file data37.txt (compact mmCIF, C-alpha atoms and all ligand atoms)
# COMPACT_ATOMS: atom_id res chain seq x y z
CA MET A 1 31.07 59.95 27.74
CA LYS A 2 29.70 58.78 31.05
CA ARG A 3 28.57 55.13 30.94
CA VAL A 4 25.29 54.75 32.82
CA THR A 5 22.88 51.94 33.71
CA ILE A 6 19.40 52.40 35.16
CA PHE A 7 17.75 49.74 37.31
CA GLY A 8 13.99 50.30 37.53
CA ALA A 9 14.09 52.45 34.38
CA THR A 10 10.33 52.13 33.78
CA GLY A 11 9.38 53.48 37.22
CA SER A 12 8.95 56.97 38.55
CA ILE A 13 12.62 57.50 39.54
CA GLY A 14 13.82 55.68 36.44
CA GLN A 15 11.76 57.90 34.15
CA ASN A 16 12.98 61.07 35.89
CA THR A 17 16.56 59.83 35.45
CA ILE A 18 15.93 59.17 31.76
CA ASP A 19 14.48 62.66 31.41
CA LEU A 20 17.77 64.17 32.64
CA ILE A 21 19.87 61.92 30.42
CA ARG A 22 17.76 62.69 27.37
CA ARG A 23 18.34 66.43 27.82
CA ASP A 24 22.10 65.91 27.42
CA ARG A 25 22.17 62.63 25.54
CA ASP A 26 25.57 63.09 23.88
CA ALA A 27 27.17 63.10 27.34
CA TYR A 28 26.02 59.54 28.12
CA GLN A 29 26.46 56.01 26.86
CA VAL A 30 23.54 53.97 28.22
CA GLN A 31 24.76 50.47 28.98
CA ALA A 32 21.63 48.79 30.36
CA LEU A 33 18.05 49.67 31.22
CA THR A 34 16.02 47.33 33.40
CA GLY A 35 12.31 47.09 34.14
CA GLY A 36 9.65 44.64 35.17
CA ARG A 37 6.30 44.32 33.43
CA ASN A 38 6.18 47.56 31.44
CA ILE A 39 7.84 46.12 28.34
CA GLU A 40 6.55 48.76 25.93
CA ARG A 41 8.18 51.59 27.92
CA LEU A 42 11.38 49.61 28.51
CA ALA A 43 11.82 48.75 24.84
CA ALA A 44 10.98 52.27 23.62
CA ASP A 45 13.48 53.91 25.99
CA ALA A 46 16.18 51.33 25.32
CA VAL A 47 15.91 51.93 21.57
CA ASP A 48 15.72 55.71 21.92
CA LEU A 49 18.74 55.86 24.24
CA LYS A 50 20.66 53.23 22.21
CA ALA A 51 21.17 51.03 25.26
CA LYS A 52 23.30 47.94 24.77
CA VAL A 53 20.85 45.73 26.64
CA ALA A 54 17.32 45.91 28.08
CA VAL A 55 16.44 43.52 30.89
CA THR A 56 13.05 42.57 32.29
CA ALA A 57 13.16 41.08 35.77
CA TYR A 58 10.61 38.46 34.76
CA ASP A 59 11.33 35.47 32.51
CA ALA A 60 7.66 35.41 31.49
CA HIS A 61 8.13 38.77 29.71
CA TYR A 62 11.27 37.79 27.77
CA GLN A 63 9.41 36.86 24.58
CA GLU A 64 7.55 40.16 24.46
CA LEU A 65 10.73 42.16 25.09
CA SER A 66 12.70 40.18 22.57
CA GLU A 67 10.02 40.80 19.89
CA ALA A 68 9.84 44.50 20.73
CA LEU A 69 13.62 44.82 20.31
CA ALA A 70 14.00 42.63 17.20
CA GLY A 71 16.17 44.37 14.59
CA THR A 72 16.91 47.40 16.80
CA GLY A 73 20.43 46.42 17.88
CA VAL A 74 19.41 46.38 21.56
CA LYS A 75 19.88 42.98 23.21
CA ALA A 76 16.98 41.57 25.26
CA ALA A 77 17.49 39.64 28.51
CA ALA A 78 15.35 38.47 31.43
CA GLY A 79 15.50 37.19 34.99
CA GLU A 80 17.52 37.67 38.15
CA ALA A 81 20.81 36.47 36.66
CA ALA A 82 20.42 38.89 33.75
CA LEU A 83 19.93 41.75 36.25
CA ILE A 84 23.24 40.80 37.89
CA ASP A 85 24.93 40.62 34.47
CA ALA A 86 23.62 44.14 33.75
CA ALA A 87 25.00 45.35 37.09
CA GLU A 88 28.40 43.95 36.19
CA MET A 89 28.64 45.69 32.81
CA PRO A 90 31.27 48.44 32.90
CA ALA A 91 29.56 51.63 34.07
CA ASP A 92 30.61 54.89 35.69
CA TRP A 93 27.21 55.49 37.30
CA ILE A 94 24.33 53.19 38.10
CA MET A 95 20.87 54.23 39.25
CA SER A 96 19.34 51.79 41.74
CA ALA A 97 15.60 52.43 41.40
CA ILE A 98 13.98 49.02 41.60
CA VAL A 99 11.25 49.11 44.25
CA GLY A 100 11.58 46.77 47.24
CA ALA A 101 14.10 44.25 48.52
CA ALA A 102 14.66 43.02 44.93
CA GLY A 103 16.92 46.05 44.46
CA LEU A 104 19.62 44.74 46.80
CA PRO A 105 21.40 42.00 44.76
CA PRO A 106 22.00 44.15 41.64
CA GLY A 107 23.20 47.02 43.84
CA LEU A 108 25.70 44.77 45.59
CA ALA A 109 26.89 43.36 42.26
CA ALA A 110 27.40 46.88 40.92
CA LEU A 111 29.39 47.95 43.99
CA ARG A 112 31.60 44.87 43.72
CA LYS A 113 32.69 46.32 40.37
CA GLY A 114 33.70 49.55 42.11
CA THR A 115 31.11 51.74 40.43
CA THR A 116 29.13 54.73 41.74
CA LEU A 117 25.68 53.63 42.86
CA ALA A 118 23.01 56.32 43.03
CA LEU A 119 20.67 54.80 45.59
CA ALA A 120 16.96 55.49 45.36
CA ASN A 121 16.20 51.94 46.52
CA LYS A 122 16.07 52.72 50.25
CA GLU A 123 15.21 49.08 50.97
CA SER A 124 18.87 48.18 50.23
CA LEU A 125 20.06 50.27 53.17
CA VAL A 126 17.19 49.24 55.43
CA THR A 127 17.68 45.52 54.84
CA ALA A 128 21.46 45.38 54.51
CA GLY A 129 23.04 48.76 55.27
CA PRO A 130 26.30 47.46 56.79
CA LEU A 131 26.76 44.93 53.97
CA LEU A 132 26.10 47.48 51.23
CA LEU A 133 28.47 50.09 52.63
CA GLN A 134 31.20 47.54 53.43
CA THR A 135 30.95 46.18 49.87
CA ALA A 136 31.45 49.72 48.57
CA ARG A 137 34.48 50.22 50.83
CA ASP A 138 36.02 46.85 49.92
CA HIS A 139 35.77 47.44 46.17
CA GLY A 140 36.31 51.18 45.84
CA GLY A 141 32.64 51.81 45.05
CA THR A 142 30.64 54.87 46.04
CA VAL A 143 27.05 55.09 47.26
CA LEU A 144 25.26 58.40 46.70
CA PRO A 145 21.83 59.01 48.24
CA VAL A 146 18.91 59.81 45.95
CA ASP A 147 16.05 59.77 48.44
CA SER A 148 15.28 63.51 48.64
CA GLU A 149 15.72 63.70 52.43
CA HIS A 150 19.04 61.87 52.35
CA SER A 151 20.33 63.85 49.40
CA ALA A 152 19.41 66.95 51.42
CA VAL A 153 21.34 65.72 54.50
CA PHE A 154 24.27 64.74 52.28
CA GLN A 155 24.35 68.24 50.79
CA ALA A 156 24.03 69.92 54.20
CA LEU A 157 26.99 67.85 55.44
CA ASN A 158 29.21 68.81 52.53
CA GLY A 159 32.58 69.88 53.98
CA GLU A 160 31.40 69.47 57.59
CA ASP A 161 33.00 67.41 60.35
CA MET A 162 30.64 64.57 61.43
CA ASP A 163 31.86 65.02 65.01
CA THR A 164 30.10 68.40 65.09
CA VAL A 165 26.71 66.93 64.08
CA GLU A 166 24.21 66.84 66.92
CA ARG A 167 21.08 65.80 65.06
CA VAL A 168 19.57 65.05 61.70
CA ILE A 169 15.96 66.05 61.07
CA ILE A 170 14.07 64.63 58.13
CA THR A 171 10.76 66.10 57.11
CA ALA A 172 7.55 64.30 56.19
CA SER A 173 4.55 65.62 54.29
CA GLY A 174 2.23 63.53 56.46
CA GLY A 175 0.86 61.77 53.36
CA ALA A 176 -2.68 61.44 52.08
CA PHE A 177 -4.34 61.15 55.52
CA ARG A 178 -2.47 63.85 57.40
CA ASP A 179 -5.65 65.73 58.21
CA TRP A 180 -8.16 62.87 58.34
CA PRO A 181 -9.91 62.07 61.63
CA ILE A 182 -8.02 59.10 63.08
CA GLU A 183 -11.20 57.01 63.44
CA LYS A 184 -11.75 57.27 59.64
CA LEU A 185 -8.37 55.73 58.79
CA LYS A 186 -9.64 52.17 59.10
CA ASP A 187 -11.91 52.78 56.10
CA ALA A 188 -9.21 54.33 53.88
CA THR A 189 -9.21 52.79 50.40
CA VAL A 190 -6.24 51.93 48.20
CA ASP A 191 -7.16 54.74 45.80
CA GLN A 192 -7.29 57.28 48.61
CA ALA A 193 -3.94 56.11 49.97
CA SER A 194 -2.38 56.25 46.50
CA SER A 195 -2.69 60.00 46.16
CA HIS A 196 0.14 62.10 47.61
CA PRO A 197 -0.47 65.73 48.57
CA ASN A 198 2.87 66.97 47.10
CA TRP A 199 4.92 64.39 45.22
CA ALA A 200 4.19 62.28 42.12
CA MET A 201 5.74 58.87 42.90
CA GLY A 202 5.17 55.14 42.37
CA GLN A 203 2.07 53.66 44.04
CA ARG A 204 3.91 51.66 46.71
CA ILE A 205 5.96 54.55 48.09
CA THR A 206 2.86 56.78 47.95
CA ILE A 207 0.86 54.38 50.14
CA ASP A 208 3.92 54.05 52.39
CA SER A 209 3.85 57.83 52.74
CA ALA A 210 0.23 57.75 53.91
CA SER A 211 1.07 55.11 56.56
CA MET A 212 4.50 56.68 57.19
CA PHE A 213 6.14 53.32 56.64
CA ASN A 214 8.13 55.33 54.11
CA LYS A 215 9.34 57.70 56.83
CA ALA A 216 10.05 54.71 59.06
CA LEU A 217 12.28 53.26 56.31
CA GLU A 218 13.93 56.67 55.94
CA LEU A 219 14.75 56.94 59.65
CA ILE A 220 16.50 53.57 59.43
CA GLU A 221 18.15 54.63 56.15
CA THR A 222 19.48 57.77 57.89
CA LYS A 223 21.02 55.73 60.69
CA GLU A 224 22.66 53.33 58.25
CA PHE A 225 23.91 55.81 55.68
CA PHE A 226 25.20 58.60 57.91
CA GLY A 227 26.24 56.45 60.88
CA VAL A 228 24.36 58.60 63.40
CA ARG A 229 22.77 57.22 66.57
CA PRO A 230 18.99 56.66 66.61
CA ASP A 231 18.57 59.32 69.31
CA GLN A 232 20.15 61.89 66.96
CA ILE A 233 17.51 61.31 64.27
CA GLU A 234 14.16 63.12 64.26
CA ALA A 235 11.19 63.33 61.91
CA VAL A 236 8.97 66.38 61.70
CA ILE A 237 5.77 66.91 59.72
CA HIS A 238 6.22 69.71 57.20
CA PRO A 239 3.10 69.84 55.03
CA GLU A 240 4.68 72.05 52.34
CA SER A 241 7.49 69.48 51.72
CA LEU A 242 9.90 72.23 50.65
CA ILE A 243 12.51 71.70 53.35
CA HIS A 244 13.63 68.13 52.80
CA ALA A 245 15.95 67.75 55.78
CA LEU A 246 18.01 69.72 58.29
CA VAL A 247 21.28 69.03 60.04
CA GLY A 248 21.84 70.46 63.53
CA PHE A 249 25.44 71.26 64.53
CA ASN A 250 27.06 71.72 67.95
CA ASP A 251 27.14 75.51 67.58
CA GLY A 252 23.34 75.60 67.35
CA ALA A 253 23.23 76.08 63.57
CA LEU A 254 20.56 74.23 61.62
CA MET A 255 21.42 73.79 57.95
CA ALA A 256 18.23 73.24 55.95
CA HIS A 257 17.97 72.05 52.38
CA VAL A 258 15.10 73.76 50.57
CA GLY A 259 13.92 72.79 47.10
CA PRO A 260 10.91 72.06 44.91
CA HIS A 261 8.99 68.74 44.91
CA ASP A 262 10.93 67.35 42.00
CA MET A 263 13.06 64.22 42.26
CA ARG A 264 15.16 65.43 39.33
CA HIS A 265 17.02 67.63 41.81
CA ALA A 266 18.27 64.73 43.98
CA ILE A 267 18.81 62.50 40.91
CA GLY A 268 20.69 65.28 39.11
CA TYR A 269 22.81 66.02 42.16
CA ALA A 270 23.89 62.37 42.28
CA LEU A 271 24.36 62.22 38.50
CA ASN A 272 26.67 65.25 38.42
CA HIS A 273 28.36 64.74 41.80
CA PRO A 274 30.78 66.12 42.90
CA LYS A 275 29.86 69.07 40.66
CA ARG A 276 26.58 70.96 40.53
CA THR A 277 25.04 71.38 37.09
CA LYS A 278 22.05 73.39 35.90
CA LEU A 279 18.87 71.35 36.36
CA PRO A 280 15.40 71.80 34.84
CA VAL A 281 13.59 72.19 38.17
CA GLU A 282 11.39 75.03 39.40
CA ARG A 283 13.12 77.93 41.21
CA LEU A 284 11.22 78.63 44.42
CA ASP A 285 9.76 82.06 45.11
CA LEU A 286 9.87 82.26 48.91
CA ALA A 287 7.81 85.46 49.15
CA GLN A 288 5.08 83.77 47.14
CA ILE A 289 5.24 80.65 49.32
CA GLY A 290 4.82 82.91 52.34
CA GLN A 291 5.18 80.41 55.15
CA LEU A 292 6.62 77.03 56.01
CA THR A 293 4.93 75.10 58.80
CA PHE A 294 5.98 72.22 61.06
CA ARG A 295 4.29 69.94 63.57
CA PRO A 296 5.34 66.89 65.56
CA PRO A 297 4.35 63.49 64.14
CA ASP A 298 1.49 61.84 66.01
CA LEU A 299 2.49 58.26 66.88
CA VAL A 300 -1.16 57.19 67.16
CA ARG A 301 -1.82 58.28 63.58
CA TYR A 302 1.58 56.98 62.42
CA PRO A 303 2.49 53.92 64.57
CA ALA A 304 5.06 52.81 61.96
CA LEU A 305 7.35 55.56 63.25
CA GLY A 306 7.41 53.98 66.71
CA LEU A 307 8.26 50.62 65.14
CA ALA A 308 11.18 52.21 63.28
CA ARG A 309 12.67 53.25 66.63
CA ASP A 310 12.53 49.60 67.81
CA ILE A 311 14.14 48.42 64.58
CA MET A 312 16.99 50.94 64.86
CA ASP A 313 17.60 49.85 68.46
CA ILE A 314 17.60 46.12 67.60
CA GLY A 315 19.85 46.59 64.54
CA GLY A 316 21.38 43.61 62.68
CA LEU A 317 18.76 41.81 60.61
CA ALA A 318 15.78 43.66 62.10
CA GLY A 319 15.64 45.99 59.07
CA ALA A 320 15.40 43.02 56.69
CA ALA A 321 12.57 41.50 58.73
CA PHE A 322 10.81 44.86 59.01
CA ASN A 323 10.98 45.52 55.29
CA GLY A 324 9.89 41.98 54.32
CA ALA A 325 6.88 42.13 56.65
CA LYS A 326 6.05 45.65 55.47
CA GLU A 327 6.11 44.59 51.80
CA MET A 328 3.72 41.72 52.57
CA ALA A 329 1.38 43.95 54.57
CA LEU A 330 1.39 46.50 51.75
CA ASP A 331 0.62 43.79 49.15
CA ALA A 332 -2.25 42.57 51.36
CA PHE A 333 -3.67 46.09 51.69
CA ILE A 334 -3.43 46.69 47.92
CA ALA A 335 -5.14 43.32 47.33
CA GLY A 336 -7.97 44.27 49.69
CA GLN A 337 -7.09 41.54 52.21
CA ILE A 338 -6.44 43.84 55.17
CA ARG A 339 -7.39 47.36 56.17
CA PHE A 340 -5.06 50.34 55.99
CA THR A 341 -4.80 50.37 59.79
CA GLU A 342 -3.99 46.65 59.94
CA MET A 343 -0.64 46.99 58.17
CA THR A 344 1.31 48.17 61.22
CA PRO A 345 -0.09 45.50 63.59
CA VAL A 346 0.93 42.83 61.05
CA VAL A 347 4.50 44.15 60.92
CA ALA A 348 4.66 44.62 64.71
CA GLU A 349 3.55 41.03 65.25
CA VAL A 350 6.27 39.73 62.92
CA ILE A 351 8.98 41.76 64.65
CA GLU A 352 7.80 40.61 68.07
CA LYS A 353 7.89 36.96 66.94
CA MET A 354 11.25 37.29 65.21
CA THR A 355 13.05 39.17 67.95
CA ALA A 356 13.36 35.78 69.62
CA GLU A 357 15.46 34.76 66.59
CA ARG A 358 18.16 37.15 67.84
CA LEU A 359 17.78 39.49 64.89
CA GLY A 360 20.02 42.06 66.50
CA ASN A 361 23.05 39.84 67.00
CA ALA A 362 23.16 38.19 63.59
CA ALA A 363 25.76 38.99 60.92
CA VAL A 364 24.35 40.89 57.93
CA THR A 365 25.21 38.86 54.81
CA LEU A 366 23.23 38.48 51.60
CA ASP A 367 22.17 34.97 52.72
CA SER A 368 21.14 36.02 56.24
CA VAL A 369 19.24 39.03 54.85
CA ARG A 370 17.40 36.77 52.41
CA GLU A 371 16.63 34.31 55.18
CA SER A 372 15.24 37.00 57.50
CA ASP A 373 13.26 38.49 54.65
CA GLN A 374 11.73 35.09 53.86
CA MET A 375 10.97 34.31 57.51
CA ALA A 376 9.35 37.70 57.94
CA ARG A 377 7.22 37.22 54.81
CA LYS A 378 6.05 33.83 56.07
CA ALA A 379 5.24 35.20 59.53
CA ALA A 380 3.47 38.18 57.94
CA GLN A 381 1.39 35.85 55.78
CA SER A 382 0.03 34.06 58.87
CA ALA A 383 -0.56 37.40 60.63
CA ILE A 384 -2.48 38.60 57.54
CA GLU A 385 -4.58 35.43 57.49
CA GLN A 386 -5.50 35.99 61.13
CA GLN A 387 -6.66 39.53 60.31
CA ARG A 388 -8.94 38.34 57.49
P1 LIG B 1 7.96 52.50 40.77
O1 LIG B 1 7.00 51.52 41.29
O2 LIG B 1 7.48 53.68 40.02
O3 LIG B 1 9.05 51.75 39.83
C1 LIG B 1 9.69 50.58 40.27
C2 LIG B 1 10.61 50.04 39.21
O4 LIG B 1 11.10 48.76 39.62
C3 LIG B 1 9.93 49.80 37.87
O5 LIG B 1 10.90 49.92 36.85
C4 LIG B 1 9.47 48.33 37.98
O6 LIG B 1 9.25 47.73 36.73
C5 LIG B 1 10.67 47.75 38.69
N1 LIG B 1 10.37 46.56 39.48
C6 LIG B 1 9.28 46.32 40.25
N2 LIG B 1 9.39 45.13 40.88
C7 LIG B 1 10.57 44.61 40.51
C8 LIG B 1 11.28 43.40 40.80
N3 LIG B 1 10.77 42.48 41.65
N4 LIG B 1 12.49 43.18 40.24
C9 LIG B 1 13.03 44.09 39.40
N5 LIG B 1 12.41 45.25 39.05
C10 LIG B 1 11.21 45.51 39.61
O7 LIG B 1 8.86 52.94 42.02
P2 LIG B 1 9.54 54.34 42.30
O8 LIG B 1 10.31 54.80 41.11
O9 LIG B 1 8.57 55.23 42.95
O10 LIG B 1 10.58 53.94 43.46
C11 LIG B 1 11.76 53.21 43.18
C12 LIG B 1 12.62 53.19 44.44
O11 LIG B 1 13.00 54.53 44.74
C13 LIG B 1 11.87 52.68 45.69
O12 LIG B 1 12.78 52.02 46.51
C14 LIG B 1 11.39 53.95 46.37
O13 LIG B 1 11.24 53.80 47.75
C15 LIG B 1 12.55 54.90 46.05
N6 LIG B 1 12.20 56.31 46.03
C16 LIG B 1 11.26 56.78 45.17
C17 LIG B 1 10.93 58.12 45.13
C18 LIG B 1 9.96 58.67 44.14
O14 LIG B 1 9.83 59.90 44.05
N7 LIG B 1 9.28 57.85 43.37
C19 LIG B 1 11.54 59.07 46.08
C20 LIG B 1 12.56 58.49 46.89
C21 LIG B 1 12.88 57.14 46.87
P3 LIG B 1 7.80 47.79 35.95
O15 LIG B 1 7.15 49.08 36.35
O16 LIG B 1 8.21 47.73 34.51
O17 LIG B 1 7.03 46.59 36.38

call {"tool": "encode", "arguments": {"input": "data37.txt", "output": "structure tokens"}}
result
Amino acid sequence: MKRVTIFGATGSIGQNTIDLIRRDRDAYQVQALTGGRNIERLAADAVDLKAKVAVTAYDAHYQELSEALAGTGVKAAAGEAALIDAAEMPADWIMSAIVGAAGLPPGLAALRKGTTLALANKESLVTAGPLLLQTARDHGGTVLPVDSEHSAVFQALNGEDMDTVERVIITASGGAFRDWPIEKLKDATVDQASSHPNWAMGQRITIDSASMFNKALELIETKEFFGVRPDQIEAVIHPESLIHALVGFNDGALMAHVGPHDMRHAIGYALNHPKRTKLPVERLDLAQIGQLTFRPPDLVRYPALGLARDIMDIGGLAGAAFNGAKEMALDAFIAGQIRFTEMTPVVAEVIEKMTAERLGNAAVTLDSVRESDQMARKAAQSAIEQQR
């Protein structure tokens, strides 16, 4: 039996992971499930999957979780230390699907135990890519990409020599406002930004898709995970979202990964790696689809993409600062404090201020990442207050 743990089990990726596990439940021993505020879902899944422990990230929800699990044989736990304890339980495969920078410490703890970490939490690579991958190397751990674009690149690279790779192209749907007049974007509401044309995902990543902060994170993630230079990485708008990524080789070949809009493919690939196993996803009918279209991303509509280029060039702790500022700007937009179009200026202002702190030359450790994240959040808070 494969021992598995799921961080962010109550979220969109977590629930898709649970769906796959449930379909073949005798093959898995669930060690721990973790969540945040959705205690009902967490407790129900933990009992159904006979998890050893269920953890809420928040101490304030411990009582509720503990009551929901009373008499079920599943242990209840809460807080940051309990998340680390869950990461250190013996496991063959751990899903990292907490949203945001909070996903980093449990991921590092899991890798220090030499496990396989299926990484949906792109923020871990953006904020601390070198640290995460070095931790895996030092302890015999493995990181497998779960972001659909990065899983696609990973699959296209299977058996290939990295020296023959000329470029990596990741696709973007263009998000909710792809076809809106640019002058209307300043009036975009949270509800409008929370609806994705192709994928069903958590609210934060959906809004990040509309602003393309998500694609910005993914460009940085590509650089960190595959070790390619920034000038080898491209993004292209592909409204159908069926090609997830392409790898260009030195003989002119472009290897494209084509698949349905269903995260269970990338999750299942990581769950069964290095084997492929039958998955319950739609089989595409290309004749019915008819055509696949592409267009270049417009940097006026999506200024976050330009910022991502700066962050890749600066390197070091710039990713941590970028992500921290982005999370604050996103919170402020969701709370109605700033407009949709004010998110990128807030982040740009933080990066400009913090570049003086020599972000690029600093060593990437858990402490320095936390420090940059905190500084960026503070700087973002004052930038947000100026916008209001
Ligand atoms: P969701 O918002 O749907 O779920 C997030 C999960 O993290 C929930 O279990 C939530 O708990 C938990 N959580 C939230 N805040 C914290 C915290 N501070 N500490 C610990 N746990 C917390 O997100 P998604 O599933 O959409 O995304 C998860 C990650 O995967 C993100 O990094 C995202 O970028 C990435 N990703 C997602 C894709 C998708 O299709 N959804 C595609 C590719 C990557 P609760 O809900 O109980 O409060």

call {"tool": "residues_near_ligand", "arguments": {"input": "data37.txt", "ligand": "ligand LIG 1 (chain B)", "cutoff": "7 Å", "atoms": "all atoms listed in the file", "output": "ChimeraX atom specification"}}
result
/A:7-14,34-39,57,97-100,102-103,120-123,146-148,199-205,263

call {"tool": "residues_around", "arguments": {"input": "data37.txt", "residues": "Ala253 (chain A)", "least_positions_apart": "3", "cutoff": "12 Å", "atoms": "only C-alpha atoms", "output": "PyMOL selection string"}}
result
chain A and resi 156+164-168+246-250+256

call {"tool": "atom_distance", "arguments": {"input": "data37.txt", "atom1": "CA of Ile243 (chain A)", "atom2": "CA of Gln155 (chain A)"}}
result
12.6 Å

call {"tool": "residues_around", "arguments": {"input": "data37.txt", "residues": "Gly79 (chain A)", "least_positions_apart": "3", "cutoff": "10 Å", "atoms": "only C-alpha atoms", "output": "list of chain:residue names"}}
result
A:Gly36, A:Val55, A:Thr56, A:Ala57, A:Tyr58, A:Asp59, A:Ala60, A:His61, A:Tyr62, A:Ala82, A:Leu83, A:Ile84

call {"tool": "axis_aligned_box", "arguments": {"input": "data37.txt", "around": "region 1-15 of chain A", "padding_each_side": "6 Å", "output": "JSON"}}
result
{"center_x": 20.0, "center_y": 54.8, "center_z": 33.6, "size_x": 34.1, "size_y": 22.2, "size_z": 23.8}

call {"tool": "closest_atom_pairs", "arguments": {"input": "data37.txt", "of": "region 265-375 of chain A", "to": "region 223-231 of chain A", "cutoff": "10 Å", "atoms": "all atoms listed in the file", "output": "tab-separated table"}}
result
residue	atom	partner	partner_atom	distance
A:Ala308	CA	A:Pro230	CA	9.6
A:Arg309	CA	A:Pro230	CA	7.2
A:Asp310	CA	A:Pro230	CA	9.6
A:Ile311	CA	A:Pro230	CA	9.8
A:Met312	CA	A:Pro230	CA	6.3
A:Asp313	CA	A:Pro230	CA	7.2
A:Gly315	CA	A:Glu224	CA	9.6

call {"tool": "decode", "arguments": {"input": "data37.txt", "residues": "region 124-138 of chain A", "atoms": "N, CA, C and O atoms", "output": "PDB file, in the first residue's frame"}}
result
ATOM      1  N   SER A 124       5.895  27.646  -3.521  1.00  0.00           N
ATOM      2  CA  SER A 124       7.121  27.086  -2.926  1.00  0.00           C
ATOM      3  C   SER A 124       8.313  27.283  -3.853  1.00  0.00           C
ATOM      4  O   SER A 124       9.408  27.620  -3.408  1.00  0.00           O
ATOM      5  N   LEU A 125       8.098  27.047  -5.142  1.00  0.00           N
ATOM      6  CA  LEU A 125       9.204  27.192  -6.097  1.00  0.00           C
ATOM      7  C   LEU A 125       9.504  28.657  -6.365  1.00  0.00           C
ATOM      8  O   LEU A 125      10.659  29.044  -6.542  1.00  0.00           O
ATOM      9  N   VAL A 126       8.440  29.472  -6.400  1.00  0.00           N
ATOM     10  CA  VAL A 126       8.638  30.896  -6.694  1.00  0.00           C
ATOM     11  C   VAL A 126       9.392  31.576  -5.551  1.00  0.00           C
ATOM     12  O   VAL A 126      10.299  32.372  -5.783  1.00  0.00           O
ATOM     13  N   THR A 127       9.024  31.236  -4.322  1.00  0.00           N
ATOM     14  CA  THR A 127       9.642  31.917  -3.184  1.00  0.00           C
ATOM     15  C   THR A 127      11.001  31.320  -2.824  1.00  0.00           C
ATOM     16  O   THR A 127      11.877  32.040  -2.360  1.00  0.00           O
ATOM     17  N   ALA A 128      11.162  30.020  -3.029  1.00  0.00           N
ATOM     18  CA  ALA A 128      12.369  29.363  -2.490  1.00  0.00           C
ATOM     19  C   ALA A 128      12.815  28.198  -3.362  1.00  0.00           C
ATOM     20  O   ALA A 128      13.200  27.148  -2.843  1.00  0.00           O
ATOM     21  N   GLY A 129      12.773  28.376  -4.672  1.00  0.00           N
ATOM     22  CA  GLY A 129      13.120  27.275  -5.590  1.00  0.00           C
ATOM     23  C   GLY A 129      14.449  26.610  -5.266  1.00  0.00           C
ATOM     24  O   GLY A 129      14.501  25.384  -5.073  1.00  0.00           O
ATOM     25  N   PRO A 130      15.555  27.384  -5.163  1.00  0.00           N
ATOM     26  CA  PRO A 130      16.849  26.733  -4.927  1.00  0.00           C
ATOM     27  C   PRO A 130      16.872  25.949  -3.615  1.00  0.00           C
ATOM     28  O   PRO A 130      17.425  24.854  -3.547  1.00  0.00           O
ATOM     29  N   LEU A 131      16.228  26.516  -2.569  1.00  0.00           N
ATOM     30  CA  LEU A 131      16.203  25.847  -1.269  1.00  0.00           C
ATOM     31  C   LEU A 131      15.413  24.535  -1.342  1.00  0.00           C
ATOM     32  O   LEU A 131      15.843  23.493  -0.847  1.00  0.00           O
ATOM     33  N   LEU A 132      14.264  24.594  -1.999  1.00  0.00           N
ATOM     34  CA  LEU A 132      13.403  23.402  -2.089  1.00  0.00           C
ATOM     35  C   LEU A 132      14.127  22.281  -2.833  1.00  0.00           C
ATOM     36  O   LEU A 132      14.157  21.130  -2.367  1.00  0.00           O
ATOM     37  N   LEU A 133      14.728  22.607  -3.960  1.00  0.00           N
ATOM     38  CA  LEU A 133      15.351  21.563  -4.777  1.00  0.00           C
ATOM     39  C   LEU A 133      16.632  21.041  -4.126  1.00  0.00           C
ATOM     40  O   LEU A 133      16.929  19.853  -4.200  1.00  0.00           O
ATOM     41  N   GLN A 134      17.364  21.934  -3.446  1.00  0.00           N
ATOM     42  CA  GLN A 134      18.571  21.477  -2.743  1.00  0.00           C
ATOM     43  C   GLN A 134      18.194  20.564  -1.575  1.00  0.00           C
ATOM     44  O   GLN A 134      18.860  19.560  -1.319  1.00  0.00           O
ATOM     45  N   THR A 135      17.100  20.909  -0.885  1.00  0.00           N
ATOM     46  CA  THR A 135      16.642  20.059   0.225  1.00  0.00           C
ATOM     47  C   THR A 135      16.299  18.675  -0.303  1.00  0.00           C
ATOM     48  O   THR A 135      16.644  17.657   0.307  1.00  0.00           O
ATOM     49  N   ALA A 136      15.645  18.625  -1.457  1.00  0.00           N
ATOM     50  CA  ALA A 136      15.313  17.319  -2.049  1.00  0.00           C
ATOM     51  C   ALA A 136      16.606  16.549  -2.365  1.00  0.00           C
ATOM     52  O   ALA A 136      16.731  15.368  -2.021  1.00  0.00           O
ATOM     53  N   ARG A 137      17.568  17.232  -2.978  1.00  0.00           N
ATOM     54  CA  ARG A 137      18.827  16.551  -3.333  1.00  0.00           C
ATOM     55  C   ARG A 137      19.562  16.058  -2.084  1.00  0.00           C
ATOM     56  O   ARG A 137      20.059  14.941  -2.047  1.00  0.00           O
ATOM     57  N   ASP A 138      19.597  16.896  -1.041  1.00  0.00           N
ATOM     58  CA  ASP A 138      20.353  16.538   0.165  1.00  0.00           C
ATOM     59  C   ASP A 138      19.764  15.336   0.899  1.00  0.00           C
ATOM     60  O   ASP A 138      20.465  14.637   1.619  1.00  0.00           O
TER      61      ASP A 138
END
